[in-house]
Structures are given as C-alpha cells and as structure tokens.
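Undergrad: Supplied in structure tokens, the structure appears directly below.
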Amino acid sequence: MSAPSPLADEFDTEGDVRDYMTRLEEVLGASDEEQKSDSDSDEDFVYDGKDADMELSGDYREQLSEVLEQGLDELDEIEDQEHVGLLLSQDEAKPPEKEETNKTVAPDQVASAAPTRSIARPSFLHPNVSRLRSFAPRAPSTPSPPSVAGTPREEGTPSHLSAVSRTSSTSNIHESHDVDSGGKGVHERTPFRWSTMKGILEQVRAFSSAPQKAATVLGNAESPTVMAANGLICIGTSQGRVHVFDFKQNLRTICAVKGASAVTAIALTQDRTFVGVGHQDGQIHLFNLSDTSKPVRSVPTLPRAAVVSGRREGHLHGSRITHIGFVGARHTAIVSADEYGMAFYHSLGKVLFVEATDVLRLLGKYPEEPQARTPTMGDPERGSVSTVKSPRYRSRWLRQSPHILSMTPLPLGSVPNPTDAYNITAIITPIKLVIVALKPTPKTWFRKRRAEDRYTALVNEIHLDHSACLAWYPSISVKNEDSPEGGMRNTVPTLLYTWGPSATLLTVREELAPHLVKSQKRGIPHEDAKLIFEEAGSWTASDDIRAVQWLTPYQALLILDSSIEVWDIRDGCKLIERASFPIITLTSVTLRFNERKIRSYEQSACAYKGKLFLLSVKDILVGSLLSWTDHILGLVERGDSLSAIELATAYHLGTAPGNQNGLPRIVEARRQVTGNQLRELMQASVRHAFSPERLTDSTHRTADNRGVDRTSLFEDLVPTCIYASIALENLDFVYEDLFDYYQEAGIERIFLTALTPFLLDGTFSIIPPWITQQLIAMYEENEDLSTAEALIWHIDPLSLDVNQAIQLCRDRGLWDALIYVYIRALKDYVGPVVELISLIRRVQRLRQAASSTGITPDLESAMEKDTINAYKVFPYIAATLSGLIYPSQ
C-alpha cells in the first residue's frame, strides 16, 4: 500500500492561498520532470532584469544554443481584461473605403455560456447517511460567463517560477462548471490557461504625443500593430516606435526614428540583441538593443527610375513592408517583403566603416506606373450625384506579382544541422509556395503550386480567400519517447504551410554523396550537395487558418476565425485540442490586394518555449497548454474529486481526451507514472470525504442556512474507485481501505449496493468473504431474494460463506442456488440429490394431508411450489450423468 498522500489536505481549498505551482508540486510532484518541455533545459529561465546587457562573448552558435536551451518561467497571475478594439487606421494616402473593423467584444460574447444546470436537492435524507449530514456551500445557480478574462483569483504567494510582474493575472477562457450536491460536477474542458499582461500596452500608450482621450478623438493615439516575442516582447506601434519589454513587463528600451511611419513588420534575433523594423512607407531599420539611439543599419526606399534602370534593387517609395526576418546567425542579414509581392534579401555589411549593402531580389516583379488619375464616385465629370464634397483620386502602383502572404527564414536550432548553412527562406503566395536557399549561391530548391495548371492558379488568386501561413521548426534535441531505452534524438527541420483550411508538413534535409562528405567544410554547404524536401503529413482544419505557430516539436497551433486548434503531427496528424477564440479581438495589419482589404493576423501571434503570446488591442494574452496534471488538479481545486479520479483513470488507460503532455508514449512507462498518482488521488479523496472536519464543520451551509444531502457523493465514490482500481488491476484498496471507511461511518449498505452491479455483470467475481456475508445478509433482510440468488450464482464459490448460503437457500427455497453451492463450492454431487429427495418426501406428506383433511388454498399453493422444485431432481441427475454443469451457465 502506498504511503499517505499529501493530496489529502488539498481537497478543501477554501482559505488556501498557496500558489498554483506549489500545490501542483505537492500533489503531482512525481511527474514534474516528465512535464518539462523537451526543448527546455533543466534550469529555469528567470528574467533578472539584466537582459539589456547585450555585450556577448564567445562563439555565436554557443551563445545561441545557451539561449535556446533556457526555460520560460510560469507567468504570474494578474487582473483579467475585456477584449475591445478598433484596428489600425489606414494609410493616409488611401481614399476612405467601407471596411469591416474590429468591434468591441464583451466578455460574455466570446462564447455562449453553458446552460444553467439546476441543482436538485432531495427532500429526504438517506436513512443510513443521516449521521453524515453536513453543510456545504451551495453551487452558484448560474455559471460565470465564459470570457477571455475570467474571474480574478485571490492574490496569494507568488510562484517560485514567476518571472513576470504581479500586474498580470490568470484566467481560463470559456470555462464554466457546475457542481451538484454530490460533489461531482459537469465541467467544460478548457485546453489553455490564459494570463494577461496589462502593464505593457499601458506603458505603450503613455508615450502618445497627445493626451490619451484627445489622441483617441483625433485618431493619432499610439496603438499596437505587430509583436515579436522571443525572450523579449517587442511591440510595434502606429507611431513608428518599437517598445521592448522583458517578461516582468519592465520597459527595456524604445527603438524609434524621427518621422517614421507605422510599424507593419518586426523581427527579433534569437539571441535578443537586434531587432528589425519594417514600416508602412517601405523603410527598414535595424537596431542594436544595447544602444537604440539610432539604427545601426537602414534600408532606404528607392524611386521607380532607379529600379527600372537596373542600377539598384529594393522596395519602392510607399510600399508597405509586410514581412521581415533575420537570416542565419548574422545580425545584418535580413529578408523582407512588401505589399506588391516583392521579396528581397539584404546583406547590410560595412567595409572600412562604409556601408556596403547587397540587395538580392528573391521573388516578384516591380509594379507598373500608376494609371492616369481617374476620378472616383462623386466626381462631377462622371455625372453622378454624391455627397462627397470633392473628387478623390487613386495614385497607387499596379501590382504585377502575386502578393506575399507569409515569408519566414529557417531559424537556427539548439543543435547544428547541415541545412543551417544554406540560409533557407520560405515564401508563400495565394497560388504557390517557393523555398529558396541563399548559399552557396542563391537558388530556388522547392516550388509547389496550389493548383496544377497556371490558368486555375491565376483564377484562384482572384477568387480564393487570401489565407496562407508559414512556420518553421528548427532542429533541436528531444527525448526519444518512442524507444523503451529512452535517450535523445535530433529533430528534422520542418515547415508547416497552409492554404485556406489545408495544412501540410514539409521536412528538409541535405543529401550529399559519400565521397564528398570529407571534403565539405564545416558550416559551408558543398556546391554539389542537394536539399531534399519531403511531405510528412497533411490535414484539414475546420475553417480557414489565419496564423500558425509551433508549441512543441510535435504540436502545431492553428488560429482560425473563431477558434484555436492544436494538432499532434505524430500518428497521422490528429486534432488534440480546440478552444473557442474570436480572432477579431486581436490586432491586425490591413493590406490592400486587388482593391480588397485583407487583414493579416500573422504578426499578432507568437510562440516561445511552449507559450502562446497574442496581441490584442488592450492587452497581451499569454496561453499555456494545460498538461494532464493541470487538468486533474483543476478538478481537485474545484472540489470535484470524483471527476478528477475518472480523468486520472482515463489517462492511465490512454483514453483521455485532449493532449497528454508530460506523459510517456510507451504504455508501460505511462501506466507507471499515472498509476502512482491515481492511487494517491483515490486515497486523498476518500480521506477527505470521510474526514471528521468535513462531516461536522458548521461552515458547510447553503446560502439559506440549510443542510445538504450528501448521499450521492458516497454513492458515486464507490463505482468511481472501483473503475480506477480495475484500471490498476488491483482491488485491494476497494475491499480494505474503502470498505473500512464506509463500515466505520455506518453506511456500509451504500457500499454494498454500489458493489452489486459489478458482480452481476461479471466485471469481477472474487471478493472477500466478510463482504460477501454482509452483502447476502443485506438482500435477505430486504427480502430481495432474486438478487441474493443472482449474487450466489455470480460470486466465485471460494468467496462464499457456504453455511450462510446453504441456510439461506434451504429457508427460502432457492434450490438452483443450493445445487450450485453444493457442486461448485463443496464439490458434492450427492448432497443435492439428498436435498431434493427430502423435498419429494415433503410433497408426498402434503398430498397425504390434502387427501385426509381436504385441500385448502394455502396447502395447494405450498404443494404446487414444492412440486415444481422437486421435479428438478431429474434434470440435475441427467446433467450430472452427462458430464454437464447444473444449472447451465
């Protein structure tokens, strides 16, 4: 029997101010190490306020590996928020057009609340549980409305893992639960634990040039536009500034250039030393975070005459930058894309303190000259009547290339991979996916069209929804969960790309002839090497995919219009989690394609060390995918110990819904982890249910000061523990510990009644004789002889009290059961004949009495009943002599 569990005191959570992680370690500490992300190191990554020291020493690969192996701390609990928002104002040069804007979303509009469940209180108390009558708080009549910001929790002791300012709070999106008087509730499963970081955007708005209210009215309030979260949180704004924060929500620095337009793209190096900023007017600036007084590099825009002549390459004046990313380990090598479908590689070096910029066009054709000025609606020359005071004119470049919906370079992983040296970049448009490598020479290595023929592709560009996303996962070292020996293995760089609702995985590897391996220089791709791309899986989401991120090497997160989905790419790509979430609550960058305005949410979502960061207009949301222990502990904290046991049982059997993060994939290893926790959980639940304090505490009262019938709690506890014990393949806890609790409390009849169905349906048949005695005696006392006889038939003969069973069968005329006891328990085949012959003799005496005194109704009834049973001697003898069992099974 396992040692006493510390979980016993955790069920009464009232007044407990300990933080979540402390309680989690106490209750489920045995598997804490299993729950750590494979990509994290054993040391916790705690931001100590020294991240601004950007001077680094040593090899960049070593520094990068050290940074990538650090662990992300658990976020602190802060106050919840309401989702609101208007999106960014459009380019002032654009004419005003009707456009759907983000509407303010109230918390109760995020998802419909679960239907109210009425709590039925029986008007009577179970006769055998009256001494257990206690008072419990009445469950709320209606569940709290589900929202992105849940009810704030009481502030307690900060977690030892906390690295974020205590101005943040946790909440569960779309979570509602209802617990009945029996202690077993109906809960809506929530896959994520959400936190809000309110302090960041409050500090961003504080830098607005005008007072907040005036700026809002005038339309020049500083609002967030894009975000990058990779060890630091960088927020680009509509005023052209980038605010850099750490996870404690402390402002580290501000990157700004005088007169800059709105930030529309942002990127942060993996070592958190440089940030790249793309603006609405086409300007690109690189900042060294150790000194942000001025950009260390800038990429100016070009006039059309310069690019038409072929003298220079780059973005045109006024072409909005839509994507930017750092290439490889260099801080001054970037790729960028604009709204006209142009993609460039910029090598921003210096030679003898003079900038030596090399620009290479990766994709796209330069747009044509704008058309002649044509009046729009409202122009008197068109002869139409309009309320527009003066005609407006459009003077925009005519795009010649499919617009780029997403572009991302392959980041460096924590372990070296031959593909890192190629500087691979993926670019996706509405009609094709292109993957280029910049080394050893720029080359397109992979191209895939969305449609097979070019005509269909061009039509699709016009008619299909402009929804396509990209996300790389680099090579890292992870635990080999598929091998019983364990160990570590390196993952393969994988690209996840989407078109509409379709998602596809693409892996990349280097192929090099054996005789060329020795001649290949380290870190430099061989000219004769090849990059091989292989499709590794695909699936279809429930709606168009607006953004994608990697949570772990095996779990991809998809953000749809109204929900978030998490897919496990192992075992055939299966959906493991779905949570309702309206994407309209996030900020977006508005792009114009073919006279249409498309909202891009790609740079409002970031994933870092298994955490999801979402940029809304008012707050920054941080989501963590709950592990199996989180789900169990959540039920325990809400006082629903029975559901917690059922969920732990499902995890033990491998049938639990959702993700199983933290559990080994090998069945034997998983059951060893879950089995220990399941035993501890059952013991703690039973101790709590029968604790004297819980039974007599006068604080357990309803709002109207009435007691609550707790019979259902004790009735449901027995089958719940039985199912768990069956999963553990050990019923000793049920027969010994659990039965003792019920017997000491004087309600063993509840236990016996709940045990009966398992015996009758054949779930098990061996039980201790002392339980069998009380079980048979209870049904005899209740005059339920049919159930008593059925139990004798189904209980293993070795578990029967033979004397009790024979006496009951003789007194109550249960002859089939009597024969069963003789031949199965005593192995006596003569005894039944003797018993039946005595019955025959009694029938003869009754007939003699009837012939001498006459037949009375009572005598006739007794004689008829005994005669039917006496005739059983013939089938019994026939079955025995034939080698058959009587009664037949």
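Residues in the structure tokens are named by chain (A, B, ... in the order shown) and by number from 1 within that chain; ligands are numbered from 1 in the order shown.
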Give me the residues near region 281-286 of chain A as a ChimeraX atom specification, where near means some atom within 6 Å (using only C-alpha atoms) and where sequence neighbours in that chain fewer than 6 positions away do not count.

TA: /A:275,295-301,318-321

Undergrad: Set the distance at 9 Å and use only C-alpha atoms: which residues neighbour region 773-788 of chain A once local chain neighbours fewer than 5 positions away are removed? I'd like the list as a list in words.

TA: Glu748, Arg749, Leu752, Thr753, Leu755, Thr756, Leu760, Pro768, Trp793, Leu800, Asp801, Gln804, Ala805, Leu808, Arg812 and Leu814 of chain A

Undergrad: May I have the selected residues written with all heavy atoms, as a compact mmCIF listing (two decimals), in the first residue's frame?

TA:
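Produced file result-v9.txt, reproduced below:
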# COMPACT_ATOMS: atom_id res chain seq x y z
N GLU A 748 -22.31 1.12 5.41
CA GLU A 748 -21.81 0.06 4.54
C GLU A 748 -22.85 -0.40 3.54
O GLU A 748 -22.51 -0.98 2.51
CB GLU A 748 -21.32 -1.12 5.37
CG GLU A 748 -22.38 -1.83 6.19
CD GLU A 748 -22.61 -1.16 7.53
OE1 GLU A 748 -21.99 -0.10 7.77
OE2 GLU A 748 -23.39 -1.69 8.34
N ARG A 749 -24.13 -0.14 3.81
CA ARG A 749 -25.18 -0.54 2.86
C ARG A 749 -25.03 0.23 1.54
O ARG A 749 -25.32 -0.31 0.47
CB ARG A 749 -26.57 -0.30 3.46
CG ARG A 749 -26.86 -1.16 4.68
CD ARG A 749 -28.20 -0.77 5.31
NE ARG A 749 -29.30 -1.09 4.41
CZ ARG A 749 -29.95 -2.25 4.41
NH1 ARG A 749 -29.62 -3.20 5.27
NH2 ARG A 749 -30.94 -2.46 3.58
N LEU A 752 -22.29 -1.63 -0.30
CA LEU A 752 -22.72 -2.92 -0.82
C LEU A 752 -23.67 -2.76 -2.00
O LEU A 752 -23.62 -3.53 -2.97
CB LEU A 752 -23.39 -3.72 0.31
CG LEU A 752 -22.50 -4.05 1.52
CD1 LEU A 752 -23.32 -4.70 2.62
CD2 LEU A 752 -21.34 -4.95 1.09
N THR A 753 -24.56 -1.78 -1.93
CA THR A 753 -25.48 -1.55 -3.04
C THR A 753 -24.73 -1.14 -4.30
O THR A 753 -25.07 -1.58 -5.41
CB THR A 753 -26.49 -0.46 -2.65
OG1 THR A 753 -27.21 -0.86 -1.47
CG2 THR A 753 -27.49 -0.21 -3.78
N LEU A 755 -21.69 -1.93 -5.00
CA LEU A 755 -20.84 -3.03 -5.43
C LEU A 755 -21.61 -4.07 -6.25
O LEU A 755 -21.04 -4.76 -7.10
CB LEU A 755 -20.21 -3.69 -4.20
CG LEU A 755 -19.26 -4.87 -4.42
CD1 LEU A 755 -18.01 -4.40 -5.15
CD2 LEU A 755 -18.92 -5.52 -3.09
N THR A 756 -22.89 -4.21 -5.99
CA THR A 756 -23.71 -5.27 -6.59
C THR A 756 -23.68 -5.30 -8.11
O THR A 756 -23.50 -6.37 -8.71
CB THR A 756 -25.14 -5.17 -6.08
OG1 THR A 756 -25.16 -5.28 -4.65
CG2 THR A 756 -26.03 -6.24 -6.69
N LEU A 760 -22.93 -8.61 -10.67
CA LEU A 760 -23.95 -9.20 -11.52
C LEU A 760 -23.58 -9.14 -13.00
O LEU A 760 -24.01 -10.01 -13.77
CB LEU A 760 -25.29 -8.49 -11.29
CG LEU A 760 -25.89 -8.64 -9.89
CD1 LEU A 760 -27.22 -7.90 -9.79
CD2 LEU A 760 -26.07 -10.12 -9.53
N PRO A 768 -13.78 -10.52 -0.89
CA PRO A 768 -13.50 -11.12 0.42
C PRO A 768 -14.77 -11.71 1.05
O PRO A 768 -15.87 -11.17 0.88
CB PRO A 768 -12.97 -9.96 1.24
CG PRO A 768 -12.46 -8.97 0.24
CD PRO A 768 -13.36 -9.11 -0.95
N TRP A 793 -24.99 -17.00 -7.59
CA TRP A 793 -24.60 -17.57 -8.88
C TRP A 793 -23.34 -16.91 -9.44
O TRP A 793 -22.52 -17.56 -10.07
CB TRP A 793 -25.74 -17.39 -9.88
CG TRP A 793 -26.80 -18.43 -9.78
CD1 TRP A 793 -27.44 -18.83 -8.66
CD2 TRP A 793 -27.34 -19.20 -10.86
NE1 TRP A 793 -28.38 -19.78 -8.94
CE2 TRP A 793 -28.35 -20.04 -10.30
CE3 TRP A 793 -27.12 -19.25 -12.22
CZ2 TRP A 793 -29.09 -20.92 -11.06
CZ3 TRP A 793 -27.87 -20.12 -12.99
CH2 TRP A 793 -28.84 -20.96 -12.41
N LEU A 800 -17.70 -17.39 -1.18
CA LEU A 800 -18.98 -17.54 -0.48
C LEU A 800 -18.78 -18.06 0.94
O LEU A 800 -17.85 -18.83 1.21
CB LEU A 800 -19.89 -18.50 -1.24
CG LEU A 800 -20.47 -18.01 -2.57
CD1 LEU A 800 -21.19 -19.16 -3.26
CD2 LEU A 800 -21.43 -16.85 -2.34
N ASP A 801 -19.66 -17.64 1.82
CA ASP A 801 -19.81 -18.28 3.13
C ASP A 801 -20.78 -19.44 2.92
O ASP A 801 -21.99 -19.25 2.82
CB ASP A 801 -20.34 -17.29 4.15
CG ASP A 801 -20.46 -17.90 5.55
OD1 ASP A 801 -20.49 -19.14 5.68
OD2 ASP A 801 -20.53 -17.14 6.53
N GLN A 804 -23.77 -19.93 5.30
CA GLN A 804 -24.78 -18.88 5.12
C GLN A 804 -25.59 -19.11 3.85
O GLN A 804 -26.82 -18.98 3.85
CB GLN A 804 -24.10 -17.51 5.08
CG GLN A 804 -25.08 -16.35 4.88
CD GLN A 804 -24.37 -15.05 4.53
OE1 GLN A 804 -23.40 -15.06 3.79
NE2 GLN A 804 -24.86 -13.95 5.07
N ALA A 805 -24.87 -19.47 2.78
CA ALA A 805 -25.56 -19.65 1.51
C ALA A 805 -26.51 -20.86 1.54
O ALA A 805 -27.65 -20.79 1.07
CB ALA A 805 -24.54 -19.81 0.39
N LEU A 808 -29.58 -20.06 3.71
CA LEU A 808 -30.49 -19.14 3.02
C LEU A 808 -31.27 -19.88 1.94
O LEU A 808 -32.50 -19.71 1.82
CB LEU A 808 -29.70 -17.98 2.41
CG LEU A 808 -30.48 -17.04 1.48
CD1 LEU A 808 -31.55 -16.28 2.26
CD2 LEU A 808 -29.55 -16.07 0.76
N ARG A 812 -35.30 -20.30 2.15
CA ARG A 812 -36.08 -19.51 1.20
C ARG A 812 -36.39 -20.26 -0.08
O ARG A 812 -36.93 -19.67 -1.02
CB ARG A 812 -35.33 -18.22 0.86
CG ARG A 812 -35.04 -17.34 2.07
CD ARG A 812 -36.33 -16.99 2.85
NE ARG A 812 -36.09 -16.14 3.97
CZ ARG A 812 -36.40 -14.84 4.03
NH1 ARG A 812 -36.98 -14.30 2.97
NH2 ARG A 812 -36.16 -14.14 5.11
N LEU A 814 -34.43 -21.57 -2.46
CA LEU A 814 -33.61 -21.23 -3.63
C LEU A 814 -32.84 -22.47 -4.04
O LEU A 814 -31.65 -22.62 -3.80
CB LEU A 814 -32.66 -20.08 -3.29
CG LEU A 814 -33.32 -18.82 -2.70
CD1 LEU A 814 -32.27 -17.79 -2.34
CD2 LEU A 814 -34.35 -18.25 -3.66

Undergrad: Just how far from CA of Ala745 (chain A) is CA of Ala790 (chain A), in Å to one decimal?

TA: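 If I compute the distance from CA of Ala790 (chain A) to CA of Ala745 (chain A), I get 27.9 Å.
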
Undergrad: Measuring between only C-alpha atoms, which one of A:Val244, A:Thr720, A:Phe733, A:Thr273 shows the shortest distance to Phe758 (chain A)?

TA: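 Among A:Val244, A:Thr720, A:Phe733, A:Thr273, it is A:Thr720 that comes nearest to Phe758 (chain A).
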
Undergrad: Go through A:Val718, A:Leu558, A:Ile855, A:Leu496 one by one, measure the shortest atom-to-atom distance of each to Asp737 (chain A) using only C-alpha atoms, and give the residue with the smallest value.

TA: A:Val718

Undergrad: Within 12 Å of Trp550 (chain A), counting only C-alpha atoms, which residues qualify if same-chain residues fewer than 2 places away don't, as a PyMOL selection string?

TA: chain A and resi 470-474+494-497+505+547-548+552-559+565-569+605-613+625

Undergrad: Between A:Ile583, A:Leu363, A:Leu859, A:Ala644, which residue has the minimum interatomic distance to Leu615 (chain A), considering only C-alpha atoms?

TA: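 Checking each of A:Ile583, A:Leu363, A:Leu859, A:Ala644 against Leu615 (chain A), counting only C-alpha atoms, the winner is A:Ile583.
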